[in-house]
>>> print(open('upload.cif').read())   # mmCIF, C-alpha atoms and all ligand atoms
data_input
#
loop_
_atom_site.label_atom_id
_atom_site.label_comp_id
_atom_site.auth_asym_id
_atom_site.auth_seq_id
_atom_site.Cartn_x
_atom_site.Cartn_y
_atom_site.Cartn_z
CA MET A 18 0.00 0.00 0.00
CA GLU A 19 1.53 3.21 -1.24
CA GLY A 20 3.10 5.34 1.49
CA VAL A 21 1.94 2.90 4.16
CA ILE A 22 3.37 -0.59 3.72
CA ASP A 23 7.06 -0.84 2.89
CA ALA A 24 9.60 -3.64 3.28
CA HIS A 25 9.89 -3.09 7.07
CA THR A 26 6.11 -3.32 7.47
CA ARG A 27 6.02 -6.42 5.28
CA ALA A 28 8.72 -7.98 7.43
CA LEU A 29 6.81 -7.27 10.64
CA LEU A 30 3.43 -8.37 9.33
CA THR A 31 4.79 -11.69 8.11
CA GLU A 32 6.66 -12.64 11.28
CA GLN A 33 3.80 -14.92 12.31
CA PRO A 34 2.25 -17.40 9.85
CA GLY A 35 -0.78 -15.85 8.13
CA PHE A 36 0.03 -14.24 4.80
CA ASP A 37 0.75 -16.37 1.73
CA TRP A 38 2.22 -13.44 -0.18
CA THR A 39 2.62 -9.68 -0.06
CA VAL A 40 2.68 -6.91 -2.67
CA THR A 41 4.95 -3.88 -2.97
CA GLU A 42 3.75 -0.30 -3.26
CA PHE A 43 3.13 0.40 -6.92
CA VAL A 44 5.97 1.37 -9.23
CA ARG A 45 4.54 4.15 -11.41
CA VAL A 46 5.26 3.50 -15.07
CA VAL A 47 4.73 6.38 -17.48
CA ASP A 48 6.68 6.18 -20.69
CA VAL A 49 10.25 5.17 -19.99
CA ARG A 50 12.10 2.18 -18.65
CA LEU A 51 12.86 3.03 -15.04
CA PRO A 52 16.36 2.60 -13.62
CA PRO A 53 17.07 -0.30 -11.26
CA ARG A 54 17.20 2.01 -8.22
CA VAL A 55 13.44 2.68 -8.53
CA PHE A 56 12.73 -1.05 -8.37
CA TYR A 57 15.13 -1.55 -5.43
CA LYS A 58 13.50 1.37 -3.59
CA HIS A 59 10.01 -0.11 -3.89
CA CYS A 60 11.17 -3.66 -3.43
CA PRO A 61 14.39 -3.87 -1.36
CA GLU A 62 13.70 -7.61 -1.18
CA LEU A 63 15.10 -7.81 -4.75
CA ALA A 64 18.55 -7.35 -3.17
CA PRO A 65 18.25 -8.89 0.29
CA PRO A 66 20.98 -9.08 2.92
CA GLU A 67 23.22 -12.13 2.72
CA GLY A 68 21.48 -15.30 3.83
CA GLN A 69 17.96 -14.07 3.09
CA ALA A 70 16.03 -15.51 0.13
CA ARG A 71 15.39 -13.15 -2.79
CA VAL A 72 12.09 -11.37 -3.21
CA MET A 73 10.80 -12.74 0.07
CA THR A 74 10.26 -11.16 3.45
CA PRO A 75 12.82 -12.23 6.10
CA HIS A 76 10.27 -14.87 7.12
CA GLY A 77 10.13 -16.40 3.66
CA ILE A 78 6.86 -14.93 2.37
CA PRO A 79 6.96 -14.00 -1.35
CA VAL A 80 6.84 -10.34 -2.36
CA HIS A 81 5.04 -9.52 -5.61
CA LEU A 82 6.26 -6.42 -7.42
CA GLN A 83 3.43 -4.13 -8.51
CA LEU A 84 3.45 -1.90 -11.60
CA LEU A 85 0.94 0.84 -12.30
CA GLY A 86 0.64 2.26 -15.80
CA SER A 87 -1.38 2.24 -18.98
CA ASP A 88 1.08 2.36 -21.86
CA PRO A 89 1.59 -1.25 -23.02
CA ALA A 90 5.07 -0.62 -24.43
CA ALA A 91 6.30 1.13 -21.28
CA LEU A 92 4.76 -1.55 -19.06
CA ALA A 93 6.46 -4.24 -21.16
CA ALA A 94 9.85 -2.51 -20.97
CA ASN A 95 9.57 -2.19 -17.20
CA ALA A 96 8.34 -5.75 -16.84
CA ARG A 97 11.50 -6.92 -18.63
CA GLN A 98 13.56 -4.68 -16.38
CA ALA A 99 11.88 -6.17 -13.30
CA VAL A 100 12.57 -9.71 -14.51
CA SER A 101 16.21 -8.84 -15.16
CA LEU A 102 16.45 -7.61 -11.54
CA GLY A 103 15.06 -10.86 -10.22
CA ALA A 104 11.32 -10.20 -9.74
CA MET A 105 9.49 -13.49 -9.20
CA SER A 106 6.03 -12.19 -10.11
CA LEU A 107 4.43 -8.99 -11.35
CA ASP A 108 1.11 -7.51 -10.30
CA LEU A 109 -0.66 -4.81 -12.31
CA ASN A 110 -2.64 -2.13 -10.48
CA PHE A 111 -5.96 -1.17 -12.07
CA GLY A 112 -7.52 -0.09 -8.79
CA CYS A 113 -5.78 3.08 -7.65
CA PRO A 114 -8.42 5.83 -7.25
CA ALA A 115 -6.02 8.77 -6.73
CA LYS A 116 -7.05 11.76 -8.83
CA THR A 117 -3.53 12.58 -10.00
CA VAL A 118 -2.91 8.98 -11.00
CA ASN A 119 -6.26 8.70 -12.83
CA ARG A 120 -5.79 12.06 -14.55
CA HIS A 121 -2.59 10.68 -16.02
CA ASP A 122 -4.41 7.59 -17.22
CA GLY A 123 -3.22 5.17 -14.55
CA GLY A 124 -4.76 2.83 -11.99
CA ALA A 125 -8.56 2.64 -12.05
CA SER A 126 -8.84 4.83 -15.16
CA LEU A 127 -8.32 1.74 -17.35
CA LEU A 128 -11.53 0.26 -15.94
CA ARG A 129 -13.36 2.59 -18.34
CA ASP A 130 -12.03 0.64 -21.30
CA PRO A 131 -11.61 -3.13 -20.87
CA ARG A 132 -9.79 -3.39 -24.22
CA ARG A 133 -7.00 -1.17 -22.97
CA LEU A 134 -6.83 -3.11 -19.73
CA GLU A 135 -6.45 -6.32 -21.73
CA GLN A 136 -3.71 -4.77 -23.89
CA ALA A 137 -1.80 -3.68 -20.79
CA VAL A 138 -1.95 -7.14 -19.22
CA ALA A 139 -1.13 -8.85 -22.53
CA ALA A 140 1.89 -6.61 -23.11
CA VAL A 141 3.36 -7.53 -19.73
CA HIS A 142 2.44 -11.17 -20.14
CA GLU A 143 4.22 -11.32 -23.49
CA ALA A 144 7.20 -9.35 -22.20
CA VAL A 145 7.93 -11.80 -19.40
CA ASP A 146 7.40 -14.68 -21.81
CA GLY A 147 6.19 -17.11 -19.18
CA ALA A 148 9.26 -16.59 -16.98
CA ILE A 149 7.14 -15.36 -14.05
CA PRO A 150 3.41 -15.06 -13.33
CA VAL A 151 1.58 -11.82 -14.08
CA THR A 152 -1.41 -11.00 -11.89
CA ALA A 153 -3.83 -8.08 -11.79
CA LYS A 154 -5.90 -6.08 -9.33
CA VAL A 155 -9.15 -4.35 -10.29
CA ARG A 156 -12.09 -2.56 -8.73
CA LEU A 157 -15.71 -3.14 -9.82
CA GLY A 158 -15.57 -0.21 -12.21
CA PHE A 159 -14.82 3.48 -12.41
CA SER A 160 -18.14 5.22 -11.73
CA ASP A 161 -20.50 2.24 -11.99
CA ARG A 162 -20.34 -1.54 -12.13
CA LEU A 163 -21.49 -1.98 -15.74
CA ARG A 164 -18.09 -3.17 -16.93
CA ALA A 165 -17.09 -5.14 -13.83
CA LEU A 166 -17.27 -8.49 -15.60
CA ASP A 167 -15.79 -7.19 -18.84
CA CYS A 168 -12.76 -5.82 -17.02
CA ALA A 169 -12.19 -9.04 -15.11
CA LEU A 170 -12.54 -11.10 -18.31
CA ALA A 171 -10.18 -8.69 -20.08
CA ALA A 172 -7.52 -9.29 -17.42
CA GLU A 173 -7.96 -13.04 -17.86
CA ARG A 174 -7.77 -12.84 -21.66
CA GLY A 175 -4.64 -10.70 -21.34
CA GLY A 176 -2.96 -13.56 -19.49
CA ALA A 177 -3.39 -12.73 -15.79
CA ALA A 178 -2.67 -15.78 -13.67
CA SER A 179 -5.00 -14.56 -10.92
CA LEU A 180 -7.12 -11.52 -10.14
CA VAL A 181 -7.67 -9.55 -6.96
CA VAL A 182 -11.02 -7.75 -6.92
CA HIS A 183 -11.48 -4.78 -4.60
CA ALA A 184 -15.25 -4.81 -4.23
CA ARG A 185 -15.95 -1.13 -4.85
CA THR A 186 -15.94 1.21 -7.81
CA ARG A 187 -13.29 3.88 -8.09
CA ASP A 188 -15.86 6.56 -7.22
CA GLU A 189 -16.77 4.67 -4.05
CA GLY A 190 -13.21 5.23 -2.85
CA TYR A 191 -12.83 3.41 0.45
CA ARG A 192 -16.40 3.98 1.68
CA PRO A 193 -18.18 0.98 3.14
CA PRO A 194 -19.73 -1.32 2.23
CA ALA A 195 -17.59 -3.49 0.00
CA HIS A 196 -19.86 -5.41 -2.39
CA TRP A 197 -18.48 -8.90 -1.83
CA GLU A 198 -21.36 -10.55 -3.71
CA TRP A 199 -20.11 -8.84 -6.89
CA ILE A 200 -16.81 -10.64 -6.52
CA GLY A 201 -18.84 -13.87 -6.57
CA ARG A 202 -20.29 -12.96 -9.98
CA ILE A 203 -16.82 -12.35 -11.32
CA ARG A 204 -15.49 -15.55 -9.81
CA HIS A 205 -18.23 -17.55 -11.56
CA ALA A 206 -17.30 -16.08 -14.95
CA LEU A 207 -13.52 -16.57 -14.71
CA ARG A 208 -11.31 -19.64 -14.85
CA ILE A 209 -8.35 -18.06 -13.05
CA PRO A 210 -8.33 -17.78 -9.24
CA VAL A 211 -10.14 -14.70 -7.94
CA ILE A 212 -9.14 -13.17 -4.60
CA ALA A 213 -11.62 -11.08 -2.58
CA ASN A 214 -10.55 -7.70 -1.23
CA GLY A 215 -12.16 -4.81 0.61
CA ASP A 216 -13.29 -4.05 4.16
CA ILE A 217 -12.02 -7.15 5.89
CA TRP A 218 -11.31 -5.93 9.43
CA THR A 219 -12.35 -8.86 11.61
CA LEU A 220 -12.72 -12.65 11.55
CA GLU A 221 -16.44 -12.13 10.95
CA ASP A 222 -15.74 -9.90 7.93
CA TYR A 223 -13.37 -12.53 6.59
CA TRP A 224 -16.08 -15.14 6.90
CA LYS A 225 -18.71 -12.95 5.24
CA ALA A 226 -16.38 -11.95 2.40
CA ARG A 227 -15.54 -15.61 1.77
CA THR A 228 -19.14 -16.70 1.93
CA LEU A 229 -20.59 -13.94 -0.26
CA SER A 230 -17.79 -14.07 -2.84
CA GLY A 231 -17.22 -17.82 -2.73
CA CYS A 232 -13.48 -17.08 -2.91
CA PRO A 233 -11.25 -19.30 -0.80
CA ASP A 234 -8.65 -16.53 -0.61
CA VAL A 235 -8.86 -12.94 0.52
CA MET A 236 -6.50 -9.99 0.44
CA LEU A 237 -6.16 -7.74 3.47
CA GLY A 238 -5.47 -4.03 3.10
CA ARG A 239 -6.08 -1.56 5.92
CA GLY A 240 -7.30 -4.36 8.19
CA ALA A 241 -3.78 -5.77 8.35
CA LEU A 242 -2.55 -2.50 9.81
CA ALA A 243 -5.59 -1.97 12.04
CA ASP A 244 -4.85 -5.33 13.63
CA PRO A 245 -1.36 -6.57 12.72
CA PHE A 246 -2.35 -10.06 13.84
CA LEU A 247 -5.50 -10.29 11.72
CA ALA A 248 -3.89 -12.59 9.13
CA PRO A 249 -2.36 -14.87 11.81
CA ARG A 250 -5.74 -14.94 13.61
CA ILE A 251 -7.48 -15.94 10.37
CA ARG A 252 -4.87 -18.64 9.77
CA HIS A 253 -5.22 -19.88 13.37
CA TRP A 254 -9.01 -20.02 12.99
CA GLN A 255 -8.69 -21.99 9.73
CA ARG A 256 -6.33 -24.49 11.33
CA THR A 257 -7.84 -24.96 14.77
CA ASN A 258 -11.40 -23.59 14.67
CA GLU A 259 -10.43 -21.37 17.59
CA ARG A 260 -11.17 -17.65 17.31
CA LEU A 261 -8.50 -15.57 18.97
CA PRO A 262 -9.49 -12.10 20.21
CA ALA A 263 -8.26 -8.90 18.55
CA THR A 264 -4.64 -8.06 19.35
CA ASP A 265 -4.27 -6.33 22.72
CA TRP A 266 -2.52 -3.04 23.30
CA PRO A 267 0.85 -4.21 24.74
CA VAL A 268 1.43 -6.39 21.67
CA ARG A 269 0.48 -3.52 19.34
CA ALA A 270 2.82 -1.19 21.24
CA GLU A 271 5.64 -3.71 20.87
CA ILE A 272 5.09 -3.97 17.10
CA LEU A 273 5.08 -0.18 16.73
CA THR A 274 8.28 0.07 18.79
CA THR A 275 10.03 -2.53 16.63
CA TYR A 276 8.76 -0.73 13.53
CA ALA A 277 10.24 2.53 14.82
CA ALA A 278 13.63 0.89 15.38
CA LEU A 279 13.62 -0.55 11.85
CA GLN A 280 12.66 2.77 10.26
CA ARG A 281 15.08 4.77 12.42
CA SER A 282 17.99 2.81 10.92
CA THR A 283 17.52 4.85 7.72
CA LEU A 284 15.13 7.75 8.40
CA PRO A 285 15.26 10.95 10.44
CA GLU A 286 13.46 11.08 13.78
CA ARG A 287 10.57 13.29 12.67
CA VAL A 288 9.81 11.06 9.69
CA VAL A 289 9.77 8.00 11.94
CA VAL A 290 7.35 9.75 14.32
CA SER A 291 5.01 10.61 11.45
CA LEU A 292 5.14 7.02 10.20
CA LEU A 293 4.26 5.83 13.71
CA LYS A 294 1.33 8.25 13.82
CA GLN A 295 0.18 6.98 10.44
CA TRP A 296 0.11 3.39 11.67
CA LEU A 297 -1.49 4.32 14.99
CA ASN A 298 -4.09 6.22 13.01
CA GLN A 299 -4.92 3.02 11.09
CA MET A 300 -5.32 1.17 14.40
CA ARG A 301 -7.47 3.69 16.20
CA ALA A 302 -10.71 3.23 14.24
CA ARG A 303 -11.00 -0.33 15.54
CA ASP A 304 -9.15 -0.22 18.84
CA PRO A 305 -10.21 2.11 21.68
CA GLU A 306 -6.80 1.96 23.37
CA ALA A 307 -5.05 2.93 20.15
CA ALA A 308 -7.55 5.79 19.82
CA ARG A 309 -6.71 7.01 23.33
CA ARG A 310 -2.94 6.85 22.67
CA PHE A 311 -3.37 8.62 19.34
CA GLN A 312 -5.31 11.41 21.03
CA VAL A 313 -2.56 11.97 23.59
CA LEU A 314 0.38 11.60 21.19
CA ARG A 315 -0.88 13.26 18.04
CA ARG A 316 1.10 16.47 18.61
CA GLU A 317 4.29 14.75 19.77
CA THR A 318 7.16 15.09 17.31
CA ARG A 319 10.02 13.58 19.34
CA LEU A 320 10.63 9.87 19.02
CA ASN A 321 11.51 8.86 22.58
CA PRO A 322 8.55 10.57 24.24
CA PHE A 323 6.34 9.05 21.55
CA LEU A 324 7.69 5.57 22.29
CA ALA A 325 7.29 6.20 26.01
CA GLY A 326 3.69 7.14 25.34
CA LEU A 327 3.13 3.85 23.51
CA ALA A 328 4.74 1.82 26.29
CA ALA A 329 3.14 3.60 29.27
CA GLU A 330 0.73 1.46 31.24
CA ASP A 331 -2.07 3.98 31.10
CA ALA A 332 -2.84 6.28 28.17
CA SER A 333 -3.70 9.12 30.56
CA THR A 334 -0.15 9.13 31.94
CA THR A 335 1.43 9.34 28.51
CA ALA A 336 1.23 13.12 28.07
CA SER A 337 4.82 13.74 27.16
CA SER A 338 6.99 15.75 29.51
CA PRO A 339 10.55 16.46 28.42
CA ASP A 340 12.15 15.33 31.68
CA ARG A 341 10.31 12.00 32.00
CA ARG A 342 12.50 9.04 31.14
CA PRO A 343 11.09 7.08 28.21
CA ALA A 344 10.14 3.47 28.93
CA ALA A 345 11.52 2.34 25.58
CA ALA A 346 14.26 4.76 24.61
CA MET A 347 15.92 4.75 21.24
CA GLU A 348 19.04 6.40 19.94
CA THR A 349 17.73 9.41 18.04
C1 LIG A 401 -3.13 4.50 1.76
C2 LIG A 401 -3.45 3.39 0.79
C3 LIG A 401 -2.52 3.03 -0.17
C4 LIG A 401 -2.79 2.00 -1.07
N1 LIG A 401 -1.84 1.64 -1.98
C5 LIG A 401 -2.08 0.60 -2.81
C6 LIG A 401 -1.09 0.16 -3.74
O1 LIG A 401 0.02 0.73 -3.83
N2 LIG A 401 -1.39 -0.91 -4.52
C7 LIG A 401 -2.59 -1.56 -4.44
O2 LIG A 401 -2.82 -2.54 -5.16
N3 LIG A 401 -3.54 -1.17 -3.59
C8 LIG A 401 -3.31 -0.11 -2.78
N4 LIG A 401 -4.28 0.29 -1.90
C9 LIG A 401 -5.58 -0.42 -1.87
C10 LIG A 401 -5.56 -1.59 -0.89
O3 LIG A 401 -4.60 -2.53 -1.27
C11 LIG A 401 -6.92 -2.27 -0.84
O4 LIG A 401 -7.21 -2.78 -2.11
C12 LIG A 401 -8.03 -1.34 -0.41
O5 LIG A 401 -7.63 -0.52 0.66
C13 LIG A 401 -9.28 -2.14 -0.03
O6 LIG A 401 -8.97 -3.08 0.95
P1 LIG A 401 -9.21 -2.76 2.51
O7 LIG A 401 -10.64 -2.27 2.65
O8 LIG A 401 -8.94 -4.08 3.18
O9 LIG A 401 -8.24 -1.70 2.88
C14 LIG A 401 -4.03 1.32 -1.01
C15 LIG A 401 -4.97 1.70 -0.05
C16 LIG A 401 -4.71 2.72 0.84
C17 LIG A 401 -5.75 3.09 1.88
#
>>> encode(input="upload.cif", output="structure tokens")
Amino acid sequence: MEGVIDAHTRALLTEQPGFDWTVTEFVRVVDVRLPPRVFYKHCPELAPPEGQARVMTPHGIPVHLQLLGSDPAALAANARQAVSLGAMSLDLNFGCPAKTVNRHDGGASLLRDPRRLEQAVAAVHEAVDGAIPVTAKVRLGFSDRLRALDCALAAERGGAASLVVHARTRDEGYRPPAHWEWIGRIRHALRIPVIANGDIWTLEDYWKARTLSGCPDVMLGRGALADPFLAPRIRHWQRTNERLPATDWPVRAEILTTYAALQRSTLPERVVVSLLKQWLNQMRARDPEAARRFQVLRRETRLNPFLAGLAAEDASTTASSPDRRPAAAMET
């Protein structure tokens, strides 16, 4: 997820068994072949530290590289570049609703013309020449759902090995509800595996999305940040029939603290604090304790007081004071 889930987040979220694969933030393709550094920036797992498998998280979960673009020739050139750098699979983004992206004919804008979507997928499929799988991600349409099936079929005809369907139109943005039953219609019409996406925040949502779509597999977006153990809880439920409760605050605080340490190895303090706020913000809609901490810490810009605020036993005692020793101090 662009600006939200990077290699460090992928590493943390895949520490426990749960995810089968992950996807990078999109690499924006316009008209030229991008230099290797752009691919390494979005997908550091292409050049992992010694001893770690390529294009996998440190816990061995595959990382799919995502491209976003509309020009078939440029997509093909960048697909070849990605293969030459070691990508093991390519995903094509036809779901991004951002105005600037759509204005420049990227992301969900191709949902207005299934033929162009097919050409984009086919160009990448031909460029990689069977060396790696090409997958695609769509929404149900741009402004309406009239072409939902056509777009999905176009991705299949273009050679997509599987399709993720985010069960909203572009104009619906991220507003609930996600129309999971529409994914079911698409699944019936396609031969390739279809994966259900959109508004899966809890075990109950997972069950409803599976039931209404008929898809055995789902993709988590914001829900994976709102509860970093949602995927492991789903996996645990599948394996044991036991439903674990939502992740409690001390565990969340620990994950955020580890995340801060990972990010601080390369980023300045204030950027790390804003990344922490961003993640805490994703948690707070579904977790009252995260909401309380966010309220107290939202104006904090220093890392150690922020971490102390996460680790404090009681949110009300977290109001940062410069002379209070942080519970979890970090070299800033
Ligand atoms: C901030 C943000 C960034 C996103 N970036 C991407 C992206 O780079 N690639 C992508 O395929 N989807 C991206 N998405 C969409 C999500 O992957 C997902 O399809 C969408 O949020 C619906 O699922 P959810 O309701 O579980 O979040 C992004 C969503 C958000 C909120």
>>> residues_near_ligand(input="upload.cif", ligand="ligand LIG 401 (chain A)", cutoff="8 Å", atoms="all atoms listed in the file", output="count of residues only")
32
>>> residues_around(input="upload.cif", residues="range 91-95 of chain A", least_positions_apart="4", cutoff="12 Å", atoms="all atoms listed in the file", output="PDB file with C-alpha atoms, in the frame of the given file")
ATOM      1  CA  VAL A  44       5.970   1.370  -9.230  1.00  0.00           C
ATOM      2  CA  ARG A  45       4.540   4.150 -11.410  1.00  0.00           C
ATOM      3  CA  VAL A  46       5.260   3.500 -15.070  1.00  0.00           C
ATOM      4  CA  VAL A  47       4.730   6.380 -17.480  1.00  0.00           C
ATOM      5  CA  ASP A  48       6.680   6.180 -20.690  1.00  0.00           C
ATOM      6  CA  VAL A  49      10.250   5.170 -19.990  1.00  0.00           C
ATOM      7  CA  ARG A  50      12.100   2.180 -18.650  1.00  0.00           C
ATOM      8  CA  LEU A  51      12.860   3.030 -15.040  1.00  0.00           C
ATOM      9  CA  PRO A  52      16.360   2.600 -13.620  1.00  0.00           C
ATOM     10  CA  PRO A  53      17.070  -0.300 -11.260  1.00  0.00           C
ATOM     11  CA  VAL A  55      13.440   2.680  -8.530  1.00  0.00           C
ATOM     12  CA  PHE A  56      12.730  -1.050  -8.370  1.00  0.00           C
ATOM     13  CA  LEU A  82       6.260  -6.420  -7.420  1.00  0.00           C
ATOM     14  CA  GLN A  83       3.430  -4.130  -8.510  1.00  0.00           C
ATOM     15  CA  LEU A  84       3.450  -1.900 -11.600  1.00  0.00           C
ATOM     16  CA  LEU A  85       0.940   0.840 -12.300  1.00  0.00           C
ATOM     17  CA  GLY A  86       0.640   2.260 -15.800  1.00  0.00           C
ATOM     18  CA  SER A  87      -1.380   2.240 -18.980  1.00  0.00           C
ATOM     19  CA  ALA A  99      11.880  -6.170 -13.300  1.00  0.00           C
ATOM     20  CA  VAL A 100      12.570  -9.710 -14.510  1.00  0.00           C
ATOM     21  CA  SER A 101      16.210  -8.840 -15.160  1.00  0.00           C
ATOM     22  CA  LEU A 102      16.450  -7.610 -11.540  1.00  0.00           C
ATOM     23  CA  ALA A 104      11.320 -10.200  -9.740  1.00  0.00           C
ATOM     24  CA  LEU A 107       4.430  -8.990 -11.350  1.00  0.00           C
ATOM     25  CA  ASP A 108       1.110  -7.510 -10.300  1.00  0.00           C
ATOM     26  CA  LEU A 109      -0.660  -4.810 -12.310  1.00  0.00           C
ATOM     27  CA  ASN A 110      -2.640  -2.130 -10.480  1.00  0.00           C
ATOM     28  CA  GLY A 123      -3.220   5.170 -14.550  1.00  0.00           C
ATOM     29  CA  LEU A 134      -6.830  -3.110 -19.730  1.00  0.00           C
ATOM     30  CA  GLN A 136      -3.710  -4.770 -23.890  1.00  0.00           C
ATOM     31  CA  ALA A 137      -1.800  -3.680 -20.790  1.00  0.00           C
ATOM     32  CA  VAL A 138      -1.950  -7.140 -19.220  1.00  0.00           C
ATOM     33  CA  ALA A 139      -1.130  -8.850 -22.530  1.00  0.00           C
ATOM     34  CA  ALA A 140       1.890  -6.610 -23.110  1.00  0.00           C
ATOM     35  CA  VAL A 141       3.360  -7.530 -19.730  1.00  0.00           C
ATOM     36  CA  HIS A 142       2.440 -11.170 -20.140  1.00  0.00           C
ATOM     37  CA  GLU A 143       4.220 -11.320 -23.490  1.00  0.00           C
ATOM     38  CA  ALA A 144       7.200  -9.350 -22.200  1.00  0.00           C
ATOM     39  CA  VAL A 145       7.930 -11.800 -19.400  1.00  0.00           C
ATOM     40  CA  ASP A 146       7.400 -14.680 -21.810  1.00  0.00           C
ATOM     41  CA  VAL A 151       1.580 -11.820 -14.080  1.00  0.00           C
TER      42      VAL A 151
END
>>> residues_around(input="upload.cif", residues="range 28-39 of chain A", least_positions_apart="3", cutoff="12 Å", atoms="all atoms listed in the file", output="ChimeraX atom specification")
/A:18,22-25,42,60-62,65,69,72-83,105-108,234-238,240-256,269,271-280
>>> atom_distance(input="upload.cif", atom1="CA of Thr186 in chain A", atom2="CA of Lys294 in chain A")
28.6 Å
>>> atom_distance(input="upload.cif", atom1="CA of Ala308 in chain A", atom2="CA of Trp266 in chain A")
10.7 Å
>>> atom_distance(input="upload.cif", atom1="CA of Leu297 in chain A", atom2="CA of Val181 in chain A")
26.7 Å
>>> closest_residue(input="upload.cif", among="A:Pro114, A:Pro262, A:Gly158, A:Pro193", to="Asp130 in chain A", atoms="only C-alpha atoms")
A:Gly158
>>> closest_residue(input="upload.cif", among="A:Trp296, A:Pro322, A:Leu327, A:Asn258", to="Arg310 in chain A", atoms="only C-alpha atoms")
A:Leu327
